[in-house]
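K.L.:
Dropping a structure here in structure tokens format, bear with me for questions.
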Amino acid sequence: MNLFDWTLKVKGFNIAFAKAQLSRIQSIPEDQYFDYIEEKKQVIVSYHKQYNAFYKKCTENLTSDQWEDLPILTKADLQQPLQDRLSEGYSRKNVYVNKTSGSSGHPFIFAKDKESHALSWASFQDRYQWFDLDINTSKQARFYGIPLDFVGYRKERLKDWLGNRYRFPIFDLSEPQLKKIHHKFTTTAFEYLNGYTSSIVLFAKYLKRHQILLKDICPTLKACIVTSEMLFESDKQLMETQFGIPVINEYGASELGLIAFQNTQDQFQVDSELLYVEILDEDNKAVPHGQSGRVVITSLYNKAHPFIRYDIGDMGTLSRKSTPQKPILEKLIGRTNDIARLPSGKVVPGLTFYYVTKSVIEEDGNVQEFVIEQTAIDTFKVIYTATRELTDSEENKIKQGTYTYLEAGLTVLFEKVAIMDRSKRGKLKQFVSKIESTL
């Protein structure tokens, strides 16, 4: 047995059975798939109503059996002791336990039963095979954060070894460190890159500055998988140009597993085998395909802990071409709490401002990274790392773009920093509102 699969088996996750089960689900004919989803939705709801005290309490006042009337679970709802949320027959000893990153502001500990967790890994492996990647045998260049305490650090390094991964430090992405990363690719037969989008983009910019094509120095490369942060089309094109391989967008969550994965037709395909994804408006009503709303997800197989109509905290759009068997995530806009509020009363996704700035700020490659920070209702600060400060002309272009796409009269400030402040996990948050809690 392959090492990674063997590790899962030793931990009690029956990956062989999970792969067979996933294959059975995928063999369901398209004309029967809607009925499959409806059946699994009812089964998981009935199970948690019967065996989960937490969910029983959430639904005790329901007078309807309609799916649309079920409560929406939020991250804040789940911020209570794990033992109060586990189903009967489950404890910390017989489930997979982990915690969310807390990037939404509402971190919590969650659980998945072992069958459900094995299915999640089977789903990951299935998607990777679309691009001829095997988690067991394909060497991964990993661009992720890592705990800096002794035990946490050693634990992650062991997991990397078992997972056939080499992890690069991303808390320091200075020129000397990028040079070391570059050198490692000349001596290691990596098959794919995987990690936070912004970190891998920085590596691509380093390669561009030095006129290096990554596949020339590491010919075994097949693909690059980016996750956890927004992927912009210009960044994707840059990476594909400098790496010489396809760039694949991945959307997942630790509590749910893989949510969507870019397929070989360049579509962001939702995992419809294990999850049911809805796009809802502010009144918790489903919006038509093609319209944006809150991403709400149901885990169809997790019996240990209810994730039923769970608001993950993101905004997105399902394509009009979506079917029950093949939902396509047309847009992933960003977190629902990444909102910019303007003096006129207008409310826009923070990434709107980011798009406006990005089109101007990266014209000559001077700026490596930047984030937008809203410090007052009418004030935004552009914090950036660069080889030189922006000129007055460049700053004015950004200001004019802000007035055009947002509204006139806004104050735009600029601050050049030596190094970007990342979260403890190494993620780079593109937009931050410092006024949200006061509104």
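By convention in this document, the chains of the structure tokens carry letters A, B, ... by their order, each chain's residues are numbered from 1, and ligands are numbered from 1 in the order they are shown.
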Would you kindly return, as a ChimeraX atom specification, each protein, DNA or RNA residue with an atom no farther than 9 Å from any atom of Ser228 of chain A, considering only C-alpha atoms and excluding same-chain residues fewer than 4 positions away?
P.N.:
/A:195-197,250-253,427
K.L.:
Take the residues that were just selected and, keeping N, CA and C atoms, output them as an mmCIF file, in the first residue's frame.
P.N.:
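Full text of out-v2.cif as output:
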```
data_model
loop_
_atom_site.group_PDB
_atom_site.id
_atom_site.type_symbol
_atom_site.label_atom_id
_atom_site.label_comp_id
_atom_site.auth_asym_id
_atom_site.auth_seq_id
_atom_site.Cartn_x
_atom_site.Cartn_y
_atom_site.Cartn_z
ATOM 1 N N GLY A 195 -0.203 25.472 -2.478
ATOM 2 C CA GLY A 195 -0.123 26.382 -1.346
ATOM 3 C C GLY A 195 -0.893 27.664 -1.527
ATOM 4 N N TYR A 196 -0.608 28.615 -0.639
ATOM 5 C CA TYR A 196 -1.306 29.890 -0.627
ATOM 6 C C TYR A 196 -0.983 30.683 -1.894
ATOM 7 N N THR A 197 -2.011 31.232 -2.492
ATOM 8 C CA THR A 197 -1.883 31.914 -3.776
ATOM 9 C C THR A 197 -0.830 33.015 -3.741
ATOM 10 N N GLU A 250 -8.194 25.809 -6.242
ATOM 11 C CA GLU A 250 -8.821 24.901 -5.289
ATOM 12 C C GLU A 250 -9.548 25.715 -4.225
ATOM 13 N N TYR A 251 -10.742 25.270 -3.839
ATOM 14 C CA TYR A 251 -11.530 25.955 -2.808
ATOM 15 C C TYR A 251 -11.970 24.911 -1.798
ATOM 16 N N GLY A 252 -11.461 25.041 -0.594
ATOM 17 C CA GLY A 252 -11.804 24.068 0.428
ATOM 18 C C GLY A 252 -11.930 24.714 1.795
ATOM 19 N N ALA A 253 -12.333 23.915 2.765
ATOM 20 C CA ALA A 253 -12.427 24.362 4.154
ATOM 21 C C ALA A 253 -12.121 23.157 5.027
ATOM 22 N N LYS A 427 -1.282 33.264 5.732
ATOM 23 C CA LYS A 427 -2.208 33.765 4.724
ATOM 24 C C LYS A 427 -2.100 35.283 4.615
#
```
K.L.:
Just the residues within 12 Å of Gln374 of chain A, please, counting only C-alpha atoms, with nothing from its chain fewer than 6 positions along; format it as a VMD selection string.
P.N.:
chain A and resid 338 to 342 349 to 351 353 to 354 380 to 383 410 to 414 430 to 436
K.L.:
Please, could you write that set of residues out with N, CA, C and O atoms as an mmCIF file, in the first residue's frame?
P.N.:
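Dumped to result30.cif:
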```cif
data_model
loop_
_atom_site.group_PDB
_atom_site.id
_atom_site.type_symbol
_atom_site.label_atom_id
_atom_site.label_comp_id
_atom_site.auth_asym_id
_atom_site.auth_seq_id
_atom_site.Cartn_x
_atom_site.Cartn_y
_atom_site.Cartn_z
ATOM 1 N N ASP A 338 -15.776 40.775 4.374
ATOM 2 C CA ASP A 338 -14.826 41.645 3.672
ATOM 3 C C ASP A 338 -15.604 42.703 2.896
ATOM 4 O O ASP A 338 -15.637 42.705 1.667
ATOM 5 N N ILE A 339 -16.252 43.586 3.623
ATOM 6 C CA ILE A 339 -17.168 44.558 3.034
ATOM 7 C C ILE A 339 -16.649 45.968 3.254
ATOM 8 O O ILE A 339 -16.233 46.336 4.355
ATOM 9 N N ALA A 340 -16.681 46.762 2.186
ATOM 10 C CA ALA A 340 -16.329 48.180 2.298
ATOM 11 C C ALA A 340 -17.610 48.994 2.327
ATOM 12 O O ALA A 340 -18.456 48.871 1.438
ATOM 13 N N ARG A 341 -17.768 49.798 3.357
ATOM 14 C CA ARG A 341 -18.933 50.677 3.491
ATOM 15 C C ARG A 341 -18.494 52.099 3.194
ATOM 16 O O ARG A 341 -17.506 52.579 3.749
ATOM 17 N N LEU A 342 -19.260 52.775 2.333
ATOM 18 C CA LEU A 342 -18.862 54.094 1.847
ATOM 19 C C LEU A 342 -19.751 55.190 2.433
ATOM 20 O O LEU A 342 -20.860 54.916 2.904
ATOM 21 N N PRO A 349 -18.173 44.799 -2.011
ATOM 22 C CA PRO A 349 -17.126 43.864 -1.573
ATOM 23 C C PRO A 349 -15.779 44.570 -1.541
ATOM 24 O O PRO A 349 -15.455 45.361 -2.431
ATOM 25 N N GLY A 350 -14.985 44.312 -0.506
ATOM 26 C CA GLY A 350 -13.691 44.952 -0.400
ATOM 27 C C GLY A 350 -12.813 44.693 -1.605
ATOM 28 O O GLY A 350 -11.991 45.524 -1.976
ATOM 29 N N LEU A 351 -13.024 43.537 -2.250
ATOM 30 C CA LEU A 351 -12.208 43.198 -3.405
ATOM 31 C C LEU A 351 -12.473 44.109 -4.599
ATOM 32 O O LEU A 351 -11.673 44.158 -5.534
ATOM 33 N N PHE A 353 -12.372 47.320 -4.475
ATOM 34 C CA PHE A 353 -11.283 48.280 -4.339
ATOM 35 C C PHE A 353 -9.961 47.639 -4.746
ATOM 36 O O PHE A 353 -9.124 48.261 -5.404
ATOM 37 N N TYR A 354 -9.792 46.390 -4.375
ATOM 38 C CA TYR A 354 -8.554 45.686 -4.703
ATOM 39 C C TYR A 354 -8.365 45.555 -6.219
ATOM 40 O O TYR A 354 -7.283 45.767 -6.743
ATOM 41 N N PHE A 380 -9.142 54.876 2.920
ATOM 42 C CA PHE A 380 -8.540 53.584 2.610
ATOM 43 C C PHE A 380 -7.030 53.756 2.534
ATOM 44 O O PHE A 380 -6.525 54.765 2.034
ATOM 45 N N LYS A 381 -6.313 52.773 3.034
ATOM 46 C CA LYS A 381 -4.862 52.803 2.974
ATOM 47 C C LYS A 381 -4.377 51.635 2.112
ATOM 48 O O LYS A 381 -4.769 50.495 2.314
ATOM 49 N N VAL A 382 -3.514 51.955 1.149
ATOM 50 C CA VAL A 382 -2.877 50.935 0.316
ATOM 51 C C VAL A 382 -1.509 50.643 0.929
ATOM 52 O O VAL A 382 -0.624 51.498 0.924
ATOM 53 N N ILE A 383 -1.352 49.448 1.475
ATOM 54 C CA ILE A 383 -0.091 49.043 2.091
ATOM 55 C C ILE A 383 0.608 48.111 1.106
ATOM 56 O O ILE A 383 0.023 47.134 0.651
ATOM 57 N N LEU A 410 -13.361 60.069 -1.701
ATOM 58 C CA LEU A 410 -12.689 59.166 -0.775
ATOM 59 C C LEU A 410 -11.234 59.597 -0.577
ATOM 60 O O LEU A 410 -10.601 60.145 -1.473
ATOM 61 N N THR A 411 -10.710 59.332 0.602
ATOM 62 C CA THR A 411 -9.304 59.586 0.893
ATOM 63 C C THR A 411 -8.526 58.293 0.727
ATOM 64 O O THR A 411 -8.885 57.262 1.312
ATOM 65 N N VAL A 412 -7.482 58.347 -0.088
ATOM 66 C CA VAL A 412 -6.667 57.161 -0.326
ATOM 67 C C VAL A 412 -5.235 57.462 0.115
ATOM 68 O O VAL A 412 -4.597 58.383 -0.391
ATOM 69 N N LEU A 413 -4.758 56.688 1.076
ATOM 70 C CA LEU A 413 -3.409 56.854 1.607
ATOM 71 C C LEU A 413 -2.523 55.707 1.128
ATOM 72 O O LEU A 413 -3.024 54.640 0.750
ATOM 73 N N PHE A 414 -1.210 55.922 1.172
ATOM 74 C CA PHE A 414 -0.270 54.910 0.702
ATOM 75 C C PHE A 414 0.835 54.719 1.737
ATOM 76 O O PHE A 414 1.335 55.686 2.307
ATOM 77 N N GLN A 430 -6.396 40.157 1.624
ATOM 78 C CA GLN A 430 -6.267 41.260 0.670
ATOM 79 C C GLN A 430 -7.016 42.525 1.085
ATOM 80 O O GLN A 430 -6.636 43.615 0.715
ATOM 81 N N PHE A 431 -8.090 42.377 1.843
ATOM 82 C CA PHE A 431 -8.836 43.547 2.281
ATOM 83 C C PHE A 431 -9.188 43.403 3.762
ATOM 84 O O PHE A 431 -9.653 42.350 4.199
ATOM 85 N N VAL A 432 -8.980 44.460 4.512
ATOM 86 C CA VAL A 432 -9.290 44.452 5.946
ATOM 87 C C VAL A 432 -10.054 45.735 6.280
ATOM 88 O O VAL A 432 -9.606 46.831 5.943
ATOM 89 N N SER A 433 -11.194 45.588 6.919
ATOM 90 C CA SER A 433 -11.930 46.753 7.390
ATOM 91 C C SER A 433 -11.695 46.925 8.882
ATOM 92 O O SER A 433 -11.951 46.023 9.671
ATOM 93 N N LYS A 434 -11.189 48.099 9.265
ATOM 94 C CA LYS A 434 -10.953 48.400 10.671
ATOM 95 C C LYS A 434 -12.151 49.081 11.316
ATOM 96 O O LYS A 434 -12.120 49.432 12.488
ATOM 97 N N ILE A 435 -13.229 49.286 10.529
ATOM 98 C CA ILE A 435 -14.378 50.006 11.070
ATOM 99 C C ILE A 435 -15.598 49.121 11.198
ATOM 100 O O ILE A 435 -16.616 49.559 11.703
ATOM 101 N N GLU A 436 -15.486 47.851 10.812
ATOM 102 C CA GLU A 436 -16.660 46.976 10.757
ATOM 103 C C GLU A 436 -17.338 46.857 12.123
ATOM 104 O O GLU A 436 -18.561 46.920 12.233
#
```
K.L.:
Might you pull out every residue within 10 Å of Gln42 of chain A, with only C-alpha atoms counted and same-chain residues fewer than 3 positions away left off, and present them as a list in words?
P.N.:
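Selected residues are Ile37, Glu38, Glu39, Val45, Ser46, Tyr47, Asp65, Gln66, Trp67 and Leu300 of chain A.
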K.L.:
Between A:Asp392, A:Asp31, A:Glu191, A:Asp134, which one has atoms that come closest to Asp5 of chain A, using only C-alpha atoms?
P.N.:
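Among A:Asp392, A:Asp31, A:Glu191, A:Asp134, it is A:Asp134 that comes nearest to Asp5 of chain A.
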K.L.:
For Lys40 of chain A, work out the shell of residues within 12 Å, counting only C-alpha atoms and skipping chain neighbours fewer than 4 positions away, then give it as a list in words.
P.N.:
Ile25, Tyr33, Phe34, Asp35, Tyr36, Ile44, Val45, Ser46, Tyr47, Ser272, Glu273, Leu274, Leu275, Tyr276, Thr298, Ser299, Leu300, Tyr301, Asn302, Lys303 and Ile308 of chain A
K.L.:
Suppose you want the space between atom CA of Leu280 of chain A and atom CA of Thr402 of chain A; what is it in Å?
P.N.:
28.9 Å
K.L.:
If DSSP is run on the backbone, what residues of segment 119-179 of chain A are strand (DSSP E or B)? A reply as a PyMOL selection string would be ideal.
P.N.:
chain A and resi 140-143+165-168
K.L.:
Nearest to Ile170 of chain A among A:Phe190, A:Phe54, A:Tyr144, A:Phe150, with distances taken over only C-alpha atoms: which residue is it?
P.N.:
A:Tyr144
K.L.:
For Asn164 of chain A, work out the shell of residues within 12 Å, counting only C-alpha atoms and skipping chain neighbours fewer than 5 positions away, then give it as number ranges by chain.
P.N.:
A: 2-5, 7, 134-142, 157-159, 188-192
K.L.:
Please return as number ranges by chain: the residues of segment 171-310 of chain A that backbone DSSP assigns to alpha helix (DSSP H).
P.N.:
A: 175-187, 197-209, 214-217, 233-243
K.L.:
Extract, using only C-alpha atoms, all DNA, RNA and protein residues at most 10 Å from Glu115 of chain A, discarding same-chain residues fewer than 4 positions from it, and format them as a list in words.
P.N.:
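So the residues in contact are Gly12, Phe13, Asn14, Ile15, Phe17, Ala18, Val95, Tyr96, Leu119, Ser120, Tyr301, Asn302, Lys303 and Ala304 of chain A.
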K.L.:
Need to verify the contact set: Leu214 of chain A, 10 Å, only C-alpha atoms, exclusion of same-chain residues closer than 2 positions in sequence. Can you return it as number ranges by chain?
P.N.:
A: 182, 185-186, 204, 207-208, 211-212, 216-219, 221, 239-245
K.L.:
With distances taken over only C-alpha atoms, which of A:Ser393, A:Lys184, A:Val356, A:Gly409 is nearest to Ser344 of chain A?
P.N.:
A:Gly409
K.L.:
Between atom CA of Ala260 of chain A and atom CA of Leu162 of chain A, what is the distance in Å, rounded to a tenth?
P.N.:
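Separating atom CA of Ala260 of chain A from atom CA of Leu162 of chain A is a distance of 24.9 Å.
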K.L.:
Pick out the closest residue to Arg127 of chain A from this set: A:Arg388, A:Lys358, A:Arg309, A:Lys19. Count only C-alpha atoms.
P.N.:
A:Lys19
K.L.:
Rank nothing, just name the residue among A:Thr352, A:Ser123, A:Ser254, A:Thr391 nearest to Asn366 of chain A, using only C-alpha atoms.
P.N.:
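Ranked by minimum distance to Asn366 of chain A, first place goes to A:Thr391.
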K.L.:
Between A:Arg422, A:Lys112, A:Lys321, A:Arg294, which one has atoms that come closest to Glu369 of chain A, using only C-alpha atoms?
P.N.:
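Answer, going by the shortest atom-to-atom distance: A:Arg422.
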